[in-house]
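File shown here: query.pdb, holding PDB, C-alpha atoms.
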MODEL        1
ATOM      1  CA  MET A1065      69.449 -28.309  56.075
ATOM      2  CA  ALA A1066      68.277 -30.313  53.079
ATOM      3  CA  PHE A1067      66.676 -32.828  55.452
ATOM      4  CA  VAL A1068      64.828 -30.043  57.279
ATOM      5  CA  THR A1069      63.645 -28.590  53.958
ATOM      6  CA  ARG A1070      62.331 -31.977  52.811
ATOM      7  CA  GLN A1071      60.523 -32.509  56.095
ATOM      8  CA  PHE A1072      58.998 -29.046  55.851
ATOM      9  CA  MET A1073      57.821 -29.668  52.280
ATOM     10  CA  ARG A1074      56.309 -33.020  53.280
ATOM     11  CA  SER A1075      54.566 -31.365  56.182
ATOM     12  CA  MET A1076      53.177 -28.666  53.918
ATOM     13  CA  SER A1077      52.047 -31.271  51.376
ATOM     14  CA  SER A1078      50.302 -33.368  54.044
ATOM     15  CA  SER A1079      48.684 -30.268  55.519
ATOM     16  CA  SER A1080      47.521 -29.142  52.085
ATOM     17  CA  THR A1081      46.092 -32.573  51.246
ATOM     18  CA  ALA A1082      44.315 -32.770  54.582
ATOM     19  CA  SER A1083      42.878 -29.313  53.943
ATOM     20  CA  ALA A1084      41.602 -30.398  50.527
ATOM     21  CA  SER A1085      39.928 -33.516  51.903
ATOM     22  CA  ALA A1086      38.406 -31.589  54.804
ATOM     23  CA  LYS A1087      36.535 -29.202  52.553
ATOM     24  CA  LYS A1088      33.083 -29.959  51.249
ATOM     25  CA  ILE A1089      33.006 -29.244  47.525
ATOM     26  CA  ILE A1090      30.038 -27.676  45.760
ATOM     27  CA  VAL A1091      30.384 -29.237  42.339
ATOM     28  CA  LYS A1092      29.934 -26.767  39.483
ATOM     29  CA  HIS A1093      32.363 -28.037  36.848
ATOM     30  CA  VAL A1094      32.203 -31.710  35.842
ATOM     31  CA  THR A1095      34.448 -33.734  33.561
ATOM     32  CA  VAL A1096      32.934 -36.984  32.288
ATOM     33  CA  ILE A1097      35.351 -39.533  30.849
ATOM     34  CA  GLY A1098      33.660 -41.823  28.342
ATOM     35  CA  GLY A1099      31.121 -40.852  25.703
ATOM     36  CA  GLY A1100      29.129 -44.085  25.647
ATOM     37  CA  LEU A1101      25.532 -44.457  26.814
ATOM     38  CA  MET A1102      26.383 -44.006  30.486
ATOM     39  CA  GLY A1103      28.898 -41.195  30.077
ATOM     40  CA  ALA A1104      26.687 -39.267  27.659
ATOM     41  CA  GLY A1105      23.728 -39.719  30.003
ATOM     42  CA  ILE A1106      25.701 -38.413  32.985
ATOM     43  CA  ALA A1107      26.912 -35.438  30.937
ATOM     44  CA  GLN A1108      23.324 -34.704  29.850
ATOM     45  CA  VAL A1109      21.798 -34.658  33.331
ATOM     46  CA  ALA A1110      24.699 -32.643  34.721
ATOM     47  CA  ALA A1111      24.359 -30.011  31.987
ATOM     48  CA  ALA A1112      20.568 -29.942  32.280
ATOM     49  CA  THR A1113      20.870 -29.111  35.988
ATOM     50  CA  GLY A1114      23.158 -26.116  35.531
ATOM     51  CA  HIS A1115      26.609 -27.697  35.653
ATOM     52  CA  THR A1116      29.385 -26.897  33.203
ATOM     53  CA  VAL A1117      30.450 -30.156  31.565
ATOM     54  CA  VAL A1118      33.373 -31.430  29.521
ATOM     55  CA  LEU A1119      32.772 -34.805  27.872
ATOM     56  CA  VAL A1120      35.943 -36.712  26.997
ATOM     57  CA  ASP A1121      36.531 -39.656  24.701
ATOM     58  CA  GLN A1122      39.223 -40.971  22.370
ATOM     59  CA  THR A1123      38.050 -39.570  19.025
ATOM     60  CA  GLU A1124      36.061 -36.659  17.641
ATOM     61  CA  ASP A1125      33.784 -39.129  15.830
ATOM     62  CA  ILE A1126      32.775 -40.784  19.105
ATOM     63  CA  LEU A1127      32.161 -37.390  20.696
ATOM     64  CA  ALA A1128      30.066 -36.215  17.733
ATOM     65  CA  LYS A1129      27.920 -39.337  18.058
ATOM     66  CA  SER A1130      27.626 -38.718  21.819
ATOM     67  CA  LYS A1131      26.529 -35.105  21.338
ATOM     68  CA  LYS A1132      23.980 -36.169  18.742
ATOM     69  CA  GLY A1133      22.573 -38.761  21.140
ATOM     70  CA  ILE A1134      22.412 -36.184  23.931
ATOM     71  CA  GLU A1135      20.548 -33.737  21.685
ATOM     72  CA  GLU A1136      18.009 -36.390  20.667
ATOM     73  CA  SER A1137      17.482 -37.344  24.298
ATOM     74  CA  LEU A1138      17.099 -33.701  25.354
ATOM     75  CA  ARG A1139      14.489 -33.099  22.662
ATOM     76  CA  LYS A1140      12.443 -36.000  24.041
ATOM     77  CA  VAL A1141      12.709 -34.481  27.515
ATOM     78  CA  ALA A1142      11.787 -31.025  26.216
ATOM     79  CA  LYS A1143       8.787 -32.339  24.264
ATOM     80  CA  LYS A1144       7.382 -33.805  27.461
ATOM     81  CA  LYS A1145       8.483 -31.086  29.879
ATOM     82  CA  PHE A1146       7.517 -28.134  27.681
ATOM     83  CA  ALA A1147       4.499 -29.614  25.892
ATOM     84  CA  GLU A1148       2.602 -26.333  26.189
ATOM     85  CA  ASN A1149       5.552 -24.161  25.181
ATOM     86  CA  PRO A1150       7.685 -25.669  22.359
ATOM     87  CA  LYS A1151       9.777 -22.497  22.098
ATOM     88  CA  ALA A1152      10.837 -22.827  25.737
ATOM     89  CA  GLY A1153      11.666 -26.448  24.988
ATOM     90  CA  ASP A1154      13.967 -25.436  22.129
ATOM     91  CA  GLU A1155      15.668 -22.886  24.368
ATOM     92  CA  PHE A1156      16.162 -25.528  27.055
ATOM     93  CA  VAL A1157      17.816 -27.876  24.565
ATOM     94  CA  GLU A1158      20.105 -25.195  23.145
ATOM     95  CA  LYS A1159      21.102 -23.881  26.561
ATOM     96  CA  THR A1160      21.879 -27.358  27.859
ATOM     97  CA  LEU A1161      23.936 -28.269  24.802
ATOM     98  CA  SER A1162      25.884 -25.006  25.070
ATOM     99  CA  THR A1163      27.201 -26.039  28.493
ATOM    100  CA  ILE A1164      28.691 -29.304  27.191
ATOM    101  CA  ALA A1165      32.177 -29.009  25.718
ATOM    102  CA  THR A1166      34.099 -31.974  24.328
ATOM    103  CA  SER A1167      37.740 -33.010  24.297
ATOM    104  CA  THR A1168      39.946 -35.929  23.309
ATOM    105  CA  ASP A1169      42.602 -35.010  25.880
ATOM    106  CA  ALA A1170      41.455 -35.674  29.438
ATOM    107  CA  ALA A1171      44.665 -34.407  31.052
ATOM    108  CA  SER A1172      44.265 -30.977  29.482
ATOM    109  CA  VAL A1173      40.750 -30.359  30.854
ATOM    110  CA  VAL A1174      40.865 -31.621  34.444
ATOM    111  CA  HIS A1175      43.001 -28.807  35.835
ATOM    112  CA  SER A1176      39.981 -26.677  36.754
ATOM    113  CA  THR A1177      37.240 -29.261  37.256
ATOM    114  CA  ASP A1178      35.534 -30.012  40.579
ATOM    115  CA  LEU A1179      34.590 -33.589  39.770
ATOM    116  CA  VAL A1180      35.810 -36.245  37.360
ATOM    117  CA  VAL A1181      33.322 -39.042  36.662
ATOM    118  CA  GLU A1182      34.759 -42.016  34.798
ATOM    119  CA  ALA A1183      32.447 -44.172  32.676
ATOM    120  CA  ILE A1184      34.786 -46.170  30.460
ATOM    121  CA  VAL A1185      35.336 -49.886  29.803
ATOM    122  CA  GLU A1186      35.070 -52.215  32.824
ATOM    123  CA  ASN A1187      38.773 -53.011  32.920
ATOM    124  CA  LEU A1188      40.721 -52.334  36.119
ATOM    125  CA  LYS A1189      44.070 -51.851  34.392
ATOM    126  CA  VAL A1190      42.626 -49.312  31.949
ATOM    127  CA  LYS A1191      40.855 -47.413  34.728
ATOM    128  CA  ASN A1192      43.999 -47.407  36.884
ATOM    129  CA  GLU A1193      46.110 -46.031  34.038
ATOM    130  CA  LEU A1194      43.541 -43.286  33.385
ATOM    131  CA  PHE A1195      43.252 -42.134  36.994
ATOM    132  CA  LYS A1196      47.006 -42.371  37.630
ATOM    133  CA  ARG A1197      47.552 -39.975  34.731
ATOM    134  CA  LEU A1198      44.715 -37.600  35.648
ATOM    135  CA  ASP A1199      45.915 -37.482  39.260
ATOM    136  CA  LYS A1200      49.011 -35.602  38.079
ATOM    137  CA  PHE A1201      47.019 -32.893  36.306
ATOM    138  CA  ALA A1202      43.820 -32.430  38.323
ATOM    139  CA  ALA A1203      43.501 -29.659  40.891
ATOM    140  CA  GLU A1204      44.051 -30.634  44.504
ATOM    141  CA  HIS A1205      40.391 -30.147  45.422
ATOM    142  CA  THR A1206      39.122 -32.262  42.509
ATOM    143  CA  ILE A1207      37.110 -35.332  43.459
ATOM    144  CA  PHE A1208      37.481 -38.501  41.385
ATOM    145  CA  ALA A1209      34.566 -40.917  40.977
ATOM    146  CA  SER A1210      34.012 -44.112  39.013
ATOM    147  CA  ASN A1211      30.715 -45.280  37.557
ATOM    148  CA  THR A1212      31.866 -48.917  37.670
ATOM    149  CA  SER A1213      29.128 -51.461  38.326
ATOM    150  CA  SER A1214      31.342 -54.408  39.232
ATOM    151  CA  LEU A1215      34.893 -53.385  40.150
ATOM    152  CA  GLN A1216      36.070 -52.455  43.620
ATOM    153  CA  ILE A1217      36.337 -48.681  44.035
ATOM    154  CA  THR A1218      39.303 -49.081  46.398
ATOM    155  CA  SER A1219      41.250 -50.965  43.713
ATOM    156  CA  ILE A1220      40.696 -48.094  41.289
ATOM    157  CA  ALA A1221      41.436 -45.371  43.850
ATOM    158  CA  ASN A1222      44.742 -46.995  44.813
ATOM    159  CA  ALA A1223      46.212 -45.862  41.495
ATOM    160  CA  THR A1224      46.018 -42.262  42.757
ATOM    161  CA  THR A1225      47.351 -40.177  45.636
ATOM    162  CA  ARG A1226      43.854 -38.927  46.496
ATOM    163  CA  GLN A1227      42.114 -41.945  47.988
ATOM    164  CA  ASP A1228      40.390 -39.568  50.407
ATOM    165  CA  ARG A1229      38.900 -37.684  47.451
ATOM    166  CA  PHE A1230      37.772 -40.788  45.566
ATOM    167  CA  GLY A1231      34.388 -42.498  45.637
ATOM    168  CA  GLY A1232      31.877 -44.374  43.539
ATOM    169  CA  LEU A1233      28.955 -42.836  41.659
ATOM    170  CA  HIS A1234      27.006 -45.693  40.112
ATOM    171  CA  PHE A1235      24.271 -44.429  37.799
ATOM    172  CA  PHE A1236      21.686 -46.602  36.071
ATOM    173  CA  ASN A1237      20.729 -46.879  32.413
ATOM    174  CA  PRO A1238      19.118 -44.825  30.943
ATOM    175  CA  VAL A1239      20.661 -42.116  33.119
ATOM    176  CA  PRO A1240      18.185 -39.326  32.222
ATOM    177  CA  VAL A1241      15.289 -41.548  33.328
ATOM    178  CA  MET A1242      16.574 -43.652  36.234
ATOM    179  CA  LYS A1243      16.449 -41.777  39.532
ATOM    180  CA  LEU A1244      18.834 -43.907  41.571
ATOM    181  CA  VAL A1245      22.530 -43.260  42.184
ATOM    182  CA  GLU A1246      24.592 -45.516  44.426
ATOM    183  CA  VAL A1247      27.201 -43.422  46.250
ATOM    184  CA  ILE A1248      30.093 -45.637  47.319
ATOM    185  CA  LYS A1249      32.316 -44.745  50.239
ATOM    186  CA  THR A1250      35.580 -46.648  50.594
ATOM    187  CA  PRO A1251      37.422 -46.884  53.935
ATOM    188  CA  MET A1252      39.646 -44.050  52.663
ATOM    189  CA  THR A1253      36.920 -41.739  51.317
ATOM    190  CA  SER A1254      36.636 -38.671  53.535
ATOM    191  CA  GLN A1255      33.256 -37.743  54.985
ATOM    192  CA  LYS A1256      33.357 -34.388  53.177
ATOM    193  CA  THR A1257      34.019 -36.113  49.850
ATOM    194  CA  PHE A1258      31.133 -38.484  50.474
ATOM    195  CA  GLU A1259      28.833 -35.580  51.363
ATOM    196  CA  SER A1260      29.930 -33.705  48.244
ATOM    197  CA  LEU A1261      29.036 -36.714  46.064
ATOM    198  CA  VAL A1262      25.655 -37.087  47.773
ATOM    199  CA  ASP A1263      24.921 -33.383  47.283
ATOM    200  CA  PHE A1264      25.956 -33.599  43.626
ATOM    201  CA  SER A1265      23.623 -36.566  43.085
ATOM    202  CA  LYS A1266      20.749 -34.616  44.630
ATOM    203  CA  ALA A1267      21.578 -31.585  42.478
ATOM    204  CA  LEU A1268      21.087 -33.818  39.418
ATOM    205  CA  GLY A1269      17.570 -34.612  40.639
ATOM    206  CA  LYS A1270      18.611 -38.133  41.592
ATOM    207  CA  HIS A1271      17.926 -40.151  44.735
ATOM    208  CA  PRO A1272      21.285 -41.193  46.236
ATOM    209  CA  VAL A1273      21.701 -44.281  48.410
ATOM    210  CA  SER A1274      24.849 -45.040  50.359
ATOM    211  CA  CYS A1275      26.814 -48.268  50.229
ATOM    212  CA  LYS A1276      30.207 -49.532  51.338
ATOM    213  CA  ASP A1277      32.710 -50.788  48.780
ATOM    214  CA  THR A1278      31.227 -54.283  48.558
ATOM    215  CA  PRO A1279      31.007 -56.323  45.309
ATOM    216  CA  GLY A1280      28.000 -55.245  43.227
ATOM    217  CA  PHE A1281      27.076 -52.553  45.754
ATOM    218  CA  ILE A1282      23.314 -52.823  46.480
ATOM    219  CA  VAL A1283      21.387 -53.280  43.237
ATOM    220  CA  ASN A1284      23.710 -55.622  41.343
ATOM    221  CA  ARG A1285      24.505 -57.615  44.488
ATOM    222  CA  LEU A1286      20.811 -58.522  44.669
ATOM    223  CA  LEU A1287      19.902 -58.377  40.979
ATOM    224  CA  VAL A1288      22.647 -60.468  39.366
ATOM    225  CA  PRO A1289      22.111 -63.585  41.549
ATOM    226  CA  TYR A1290      18.379 -63.315  40.771
ATOM    227  CA  LEU A1291      19.113 -63.176  37.033
ATOM    228  CA  MET A1292      21.538 -66.090  37.274
ATOM    229  CA  GLU A1293      19.025 -68.201  39.199
ATOM    230  CA  ALA A1294      16.469 -67.522  36.450
ATOM    231  CA  ILE A1295      18.980 -68.868  33.901
ATOM    232  CA  ARG A1296      19.625 -71.963  36.026
ATOM    233  CA  LEU A1297      15.882 -72.565  36.356
ATOM    234  CA  TYR A1298      15.699 -72.500  32.548
ATOM    235  CA  GLU A1299      18.844 -74.635  32.129
ATOM    236  CA  ARG A1300      17.402 -77.352  34.384
ATOM    237  CA  GLY A1301      14.276 -77.434  32.220
ATOM    238  CA  ASP A1302      12.047 -76.435  35.139
ATOM    239  CA  ALA A1303      10.292 -73.724  33.085
ATOM    240  CA  SER A1304      10.579 -71.953  29.744
ATOM    241  CA  LYS A1305      12.192 -68.501  29.632
ATOM    242  CA  GLU A1306       8.885 -67.074  28.389
ATOM    243  CA  ASP A1307       6.972 -68.483  31.365
ATOM    244  CA  ILE A1308       9.666 -67.354  33.803
ATOM    245  CA  ASP A1309       9.415 -63.807  32.427
ATOM    246  CA  THR A1310       5.619 -63.855  32.551
ATOM    247  CA  ALA A1311       5.612 -65.239  36.105
ATOM    248  CA  MET A1312       7.900 -62.502  37.432
ATOM    249  CA  LYS A1313       5.958 -59.728  35.675
ATOM    250  CA  LEU A1314       2.497 -60.887  36.723
ATOM    251  CA  GLY A1315       3.383 -62.552  40.013
ATOM    252  CA  ALA A1316       6.056 -60.226  41.394
ATOM    253  CA  GLY A1317       4.976 -57.059  39.625
ATOM    254  CA  TYR A1318       8.339 -56.579  37.886
ATOM    255  CA  PRO A1319       8.203 -54.393  34.751
ATOM    256  CA  MET A1320      10.488 -56.828  32.894
ATOM    257  CA  GLY A1321      11.115 -60.530  33.272
ATOM    258  CA  PRO A1322      14.679 -61.710  34.033
ATOM    259  CA  PHE A1323      15.450 -62.822  30.464
ATOM    260  CA  GLU A1324      14.091 -59.580  29.016
ATOM    261  CA  LEU A1325      16.240 -57.680  31.494
ATOM    262  CA  LEU A1326      19.319 -59.781  30.742
ATOM    263  CA  ASP A1327      18.977 -58.991  27.044
ATOM    264  CA  TYR A1328      18.426 -55.307  27.828
ATOM    265  CA  VAL A1329      21.437 -55.000  30.145
ATOM    266  CA  GLY A1330      23.690 -57.051  27.862
ATOM    267  CA  LEU A1331      24.675 -60.696  28.342
ATOM    268  CA  ASP A1332      28.346 -59.760  28.035
ATOM    269  CA  THR A1333      27.952 -57.308  30.915
ATOM    270  CA  THR A1334      26.273 -59.900  33.136
ATOM    271  CA  LYS A1335      28.917 -62.511  32.309
ATOM    272  CA  PHE A1336      31.696 -60.043  33.098
ATOM    273  CA  ILE A1337      30.222 -59.327  36.525
ATOM    274  CA  VAL A1338      29.605 -62.998  37.361
ATOM    275  CA  ASP A1339      33.089 -64.032  36.187
ATOM    276  CA  GLY A1340      34.655 -61.346  38.370
ATOM    277  CA  TRP A1341      32.698 -62.412  41.442
ATOM    278  CA  HIS A1342      33.422 -66.093  40.757
ATOM    279  CA  GLU A1343      37.139 -65.334  40.597
ATOM    280  CA  MET A1344      36.951 -63.631  44.015
ATOM    281  CA  ASP A1345      34.822 -66.379  45.616
ATOM    282  CA  THR A1346      34.935 -69.633  43.648
ATOM    283  CA  GLU A1347      32.948 -71.624  46.230
ATOM    284  CA  ASN A1348      29.923 -69.310  46.349
ATOM    285  CA  PRO A1349      27.007 -71.079  44.561
ATOM    286  CA  LEU A1350      25.494 -67.703  43.622
ATOM    287  CA  HIS A1351      28.556 -66.869  41.522
ATOM    288  CA  GLN A1352      28.862 -70.060  39.498
ATOM    289  CA  PRO A1353      29.167 -69.646  35.695
ATOM    290  CA  SER A1354      26.264 -70.536  33.394
ATOM    291  CA  PRO A1355      26.822 -72.755  30.319
ATOM    292  CA  SER A1356      23.997 -71.148  28.311
ATOM    293  CA  LEU A1357      25.132 -67.610  29.153
ATOM    294  CA  ASN A1358      28.729 -68.451  28.247
ATOM    295  CA  LYS A1359      27.607 -69.997  24.949
ATOM    296  CA  LEU A1360      25.546 -66.978  23.890
ATOM    297  CA  VAL A1361      28.367 -64.556  24.732
ATOM    298  CA  ALA A1362      30.879 -66.725  22.835
ATOM    299  CA  GLU A1363      28.561 -66.459  19.813
ATOM    300  CA  ASN A1364      28.477 -62.639  20.211
ATOM    301  CA  LYS A1365      24.781 -62.765  21.063
ATOM    302  CA  PHE A1366      24.710 -60.089  23.730
ATOM    303  CA  GLY A1367      21.011 -59.227  23.673
ATOM    304  CA  LYS A1368      19.183 -56.235  22.229
ATOM    305  CA  LYS A1369      22.336 -54.392  21.188
ATOM    306  CA  THR A1370      23.362 -57.231  18.835
ATOM    307  CA  GLY A1371      19.865 -58.248  17.762
ATOM    308  CA  GLU A1372      19.869 -61.558  19.604
ATOM    309  CA  GLY A1373      20.393 -62.881  23.107
ATOM    310  CA  PHE A1374      17.982 -65.157  24.916
ATOM    311  CA  TYR A1375      15.421 -63.678  22.505
ATOM    312  CA  LYS A1376      15.710 -62.514  18.904
ATOM    313  CA  TYR A1377      15.092 -58.865  18.002
ATOM    314  CA  LYS A1378      14.236 -57.539  14.557
TER     315      LYS A1378
ENDMDL
END

Spit out the file's structure as structure tokens when you get a sec.
Amino acid sequence: MAFVTRQFMRSMSSSSTASASAKKIIVKHVTVIGGGLMGAGIAQVAAATGHTVVLVDQTEDILAKSKKGIEESLRKVAKKKFAENPKAGDEFVEKTLSTIATSTDAASVVHSTDLVVEAIVENLKVKNELFKRLDKFAAEHTIFASNTSSLQITSIANATTRQDRFGGLHFFNPVPVMKLVEVIKTPMTSQKTFESLVDFSKALGKHPVSCKDTPGFIVNRLLVPYLMEAIRLYERGDASKEDIDTAMKLGAGYPMGPFELLDYVGLDTTKFIVDGWHEMDTENPLHQPSPSLNKLVAENKFGKKTGEGFYKYK
């Protein structure tokens, strides 16, 4: 009898899970994990487009800083969007802020959310621990998504029991300005989950593009080798970094040269991505480490955010 009961319960569980993955979710409630630039930006655009948002981070101080940054960003948006009606702009800011709650306990707020978007440190172990814990508390219909730019979505999803309700949502910095979102579908991601993530991206006013779970997805897979080749061109003494930047801006029509972009993105971020790819494919010439990049990162010269990278900033 016990065996029959167990089989029945397993059958019910499988049926329930299949039902959850088969349903297309209209995302209304969003939980964003990580109050840094990316997480705060995602929370801002979600709230500004009518979603109820909970922003989660480790301390109240971090969250207070995040909310302050969101308010400043919203006021810039309002000044431009409501130039003829400042009062309407103020109302827009206040209304948007009122839909963003904060918490330091992710497990306590995911029970009623439709979507969890993770935007924390690029560390697989840390992400796995987070999602494994949240998987126990989140509602069955809840979709999990990672904003990772370099890690495999499948490797993150494997820490949960909802691989069918797990995908990638890769936003670009600054989130309120950049229109693109890469929506990543793993072999286990259900079609309904994928469609729900695409619809959510569109609801934010973004332009979603689809990609399989391949290293770097679309943008970074093309961009990072280009940036690394620019560094190698400079390392060989073929051209100065200033001339390389000028050439790509005036010759290719790029808004920023590769060294300007490297400093903007963060040299530590670029190194992390390249090191990860090199570890996966040591023979690929596109993924070979760069001595000058390694040296700058070792000296904590990460670019604009530290005041110095390939260029110095006052």

Just say which residues the PyMOL selection byres ((chain A and resi 1158) around 12) picks in this file, as a count of residues only. 22

Out of A:Ile1126, A:Ala1171, A:Val1190, A:Met1242, which residue has the shortest atom-to-atom distance to Ile1220 of chain A when counting all atoms listed in the file?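 Between A:Ile1126, A:Ala1171, A:Val1190, A:Met1242, the residue approaching Ile1220 of chain A most closely is A:Val1190.
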
Which residue is closest to Gln1216 of chain A? Choose from A:Thr1278, A:Ser1254, A:Ser1304, A:Asn1192 and count all atoms listed in the file.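 So, comparing all the options, the nearest one is A:Thr1278.
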
Separation of atom CA of His1351 of chain A from atom CA of Asp1332 of chain A in Å: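 Spanning atom CA of Asp1332 of chain A to atom CA of His1351 of chain A is a straight-line distance of 15.2 Å.
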
Shell around Ala1209 of chain A at 8 Å using all atoms listed in the file, local window under 2 positions removed, as a compact mmCIF listing (two decimals) with C-alpha atoms, keeping the file's coordinate frame:
# COMPACT_ATOMS: atom_id res chain seq x y z
CA LEU A 1179 34.59 -33.59 39.77
CA VAL A 1180 35.81 -36.24 37.36
CA VAL A 1181 33.32 -39.04 36.66
CA GLU A 1182 34.76 -42.02 34.80
CA ILE A 1207 37.11 -35.33 43.46
CA ASN A 1211 30.72 -45.28 37.56
CA PHE A 1230 37.77 -40.79 45.57
CA GLY A 1231 34.39 -42.50 45.64
CA GLY A 1232 31.88 -44.37 43.54
CA LEU A 1233 28.96 -42.84 41.66

List the residues selected by the PyMOL selection byres ((chain A and resi 1316-1325) around 10) in the file shown, writing them as a ChimeraX atom specification. /A:1287-1288,1290-1295,1298,1305-1315,1326-1331,1367-1368,1373-1375

Keeping only C-alpha atoms, write the selected residues to a file as an mmCIF file, keeping the file's coordinate frame.
data_model
loop_
_atom_site.group_PDB
_atom_site.id
_atom_site.type_symbol
_atom_site.label_atom_id
_atom_site.label_comp_id
_atom_site.auth_asym_id
_atom_site.auth_seq_id
_atom_site.Cartn_x
_atom_site.Cartn_y
_atom_site.Cartn_z
ATOM 1 C CA LEU A 1287 19.902 -58.377 40.979
ATOM 2 C CA VAL A 1288 22.647 -60.468 39.366
ATOM 3 C CA TYR A 1290 18.379 -63.315 40.771
ATOM 4 C CA LEU A 1291 19.113 -63.176 37.033
ATOM 5 C CA MET A 1292 21.538 -66.090 37.274
ATOM 6 C CA GLU A 1293 19.025 -68.201 39.199
ATOM 7 C CA ALA A 1294 16.469 -67.522 36.450
ATOM 8 C CA ILE A 1295 18.980 -68.868 33.901
ATOM 9 C CA TYR A 1298 15.699 -72.500 32.548
ATOM 10 C CA LYS A 1305 12.192 -68.501 29.632
ATOM 11 C CA GLU A 1306 8.885 -67.074 28.389
ATOM 12 C CA ASP A 1307 6.972 -68.483 31.365
ATOM 13 C CA ILE A 1308 9.666 -67.354 33.803
ATOM 14 C CA ASP A 1309 9.415 -63.807 32.427
ATOM 15 C CA THR A 1310 5.619 -63.855 32.551
ATOM 16 C CA ALA A 1311 5.612 -65.239 36.105
ATOM 17 C CA MET A 1312 7.900 -62.502 37.432
ATOM 18 C CA LYS A 1313 5.958 -59.728 35.675
ATOM 19 C CA LEU A 1314 2.497 -60.887 36.723
ATOM 20 C CA GLY A 1315 3.383 -62.552 40.013
ATOM 21 C CA LEU A 1326 19.319 -59.781 30.742
ATOM 22 C CA ASP A 1327 18.977 -58.991 27.044
ATOM 23 C CA TYR A 1328 18.426 -55.307 27.828
ATOM 24 C CA VAL A 1329 21.437 -55.000 30.145
ATOM 25 C CA GLY A 1330 23.690 -57.051 27.862
ATOM 26 C CA LEU A 1331 24.675 -60.696 28.342
ATOM 27 C CA GLY A 1367 21.011 -59.227 23.673
ATOM 28 C CA LYS A 1368 19.183 -56.235 22.229
ATOM 29 C CA GLY A 1373 20.393 -62.881 23.107
ATOM 30 C CA PHE A 1374 17.982 -65.157 24.916
ATOM 31 C CA TYR A 1375 15.421 -63.678 22.505
#

Of the residues A:Ile1106, A:Ala1303, A:Val1174, A:Met1252, which is the one nearest to His1234 of chain A, using all atoms listed in the file?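 Looking only at the distances to His1234 of chain A, the closest residue turns out to be A:Ile1106.
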
Contacts of segment 1093-1101 of chain A within 10 Å, all atoms listed in the file, excl. fewer than 5 positions in-chain, as a VMD selection string: chain A and resid 1106 to 1107 1110 to 1111 1114 to 1123 1126 to 1131 1133 to 1134 1164 to 1170 1173 to 1174 1176 to 1185 1194 1206 to 1211 1237 to 1239

Since we have the selection now, will you write its residues out, keeping C-alpha atoms, as a tab-separated table (two decimals), in the coordinates of the input?
chain	number	residue	atom	x	y	z
A	1106	ILE	CA	25.70	-38.41	32.98
A	1107	ALA	CA	26.91	-35.44	30.94
A	1110	ALA	CA	24.70	-32.64	34.72
A	1111	ALA	CA	24.36	-30.01	31.99
A	1114	GLY	CA	23.16	-26.12	35.53
A	1115	HIS	CA	26.61	-27.70	35.65
A	1116	THR	CA	29.38	-26.90	33.20
A	1117	VAL	CA	30.45	-30.16	31.56
A	1118	VAL	CA	33.37	-31.43	29.52
A	1119	LEU	CA	32.77	-34.80	27.87
A	1120	VAL	CA	35.94	-36.71	27.00
A	1121	ASP	CA	36.53	-39.66	24.70
A	1122	GLN	CA	39.22	-40.97	22.37
A	1123	THR	CA	38.05	-39.57	19.02
A	1126	ILE	CA	32.78	-40.78	19.10
A	1127	LEU	CA	32.16	-37.39	20.70
A	1128	ALA	CA	30.07	-36.22	17.73
A	1129	LYS	CA	27.92	-39.34	18.06
A	1130	SER	CA	27.63	-38.72	21.82
A	1131	LYS	CA	26.53	-35.10	21.34
A	1133	GLY	CA	22.57	-38.76	21.14
A	1134	ILE	CA	22.41	-36.18	23.93
A	1164	ILE	CA	28.69	-29.30	27.19
A	1165	ALA	CA	32.18	-29.01	25.72
A	1166	THR	CA	34.10	-31.97	24.33
A	1167	SER	CA	37.74	-33.01	24.30
A	1168	THR	CA	39.95	-35.93	23.31
A	1169	ASP	CA	42.60	-35.01	25.88
A	1170	ALA	CA	41.46	-35.67	29.44
A	1173	VAL	CA	40.75	-30.36	30.85
A	1174	VAL	CA	40.86	-31.62	34.44
A	1176	SER	CA	39.98	-26.68	36.75
A	1177	THR	CA	37.24	-29.26	37.26
A	1178	ASP	CA	35.53	-30.01	40.58
A	1179	LEU	CA	34.59	-33.59	39.77
A	1180	VAL	CA	35.81	-36.24	37.36
A	1181	VAL	CA	33.32	-39.04	36.66
A	1182	GLU	CA	34.76	-42.02	34.80
A	1183	ALA	CA	32.45	-44.17	32.68
A	1184	ILE	CA	34.79	-46.17	30.46
A	1185	VAL	CA	35.34	-49.89	29.80
A	1194	LEU	CA	43.54	-43.29	33.38
A	1206	THR	CA	39.12	-32.26	42.51
A	1207	ILE	CA	37.11	-35.33	43.46
A	1208	PHE	CA	37.48	-38.50	41.38
A	1209	ALA	CA	34.57	-40.92	40.98
A	1210	SER	CA	34.01	-44.11	39.01
A	1211	ASN	CA	30.72	-45.28	37.56
A	1237	ASN	CA	20.73	-46.88	32.41
A	1238	PRO	CA	19.12	-44.82	30.94
A	1239	VAL	CA	20.66	-42.12	33.12

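Put simply, atom CA of Trp1341 of chain A is 11.3 Å away from atom CA of Asn1284 of chain A.
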
Quick one: residues within 9 Å of Thr1253 of chain A, all atoms listed in the file, excluding same-chain residues fewer than 3 positions away - as a list in words? Ser1085, Arg1226, Gln1227, Asp1228, Arg1229, Phe1230, Gly1231, Ile1248, Lys1249, Thr1250, Lys1256, Thr1257 and Phe1258 of chain A

Between A:Ile1089, A:Ala1267, A:Ala1104, A:Val1273, which has the minimum distance to Gln1255 of chain A (counting only C-alpha atoms)? A:Ile1089

At what distance in Å, to one decimal, does atom CA of Pro1251 of chain A lie from atom CA of Val1109 of chain A? 28.6 Å

So which residues get picked by the PyMOL selection byres ((chain A and resi 1361) around 10) here, written as a PyMOL selection string? chain A and resi 1330-1335+1356-1360+1362-1367+1373

Would you mind telling me which residue in A:Asn1187, A:Ser1274, A:Ser1172, A:Ser1354 lies nearest to Val1262 of chain A when using only C-alpha atoms? A:Ser1274
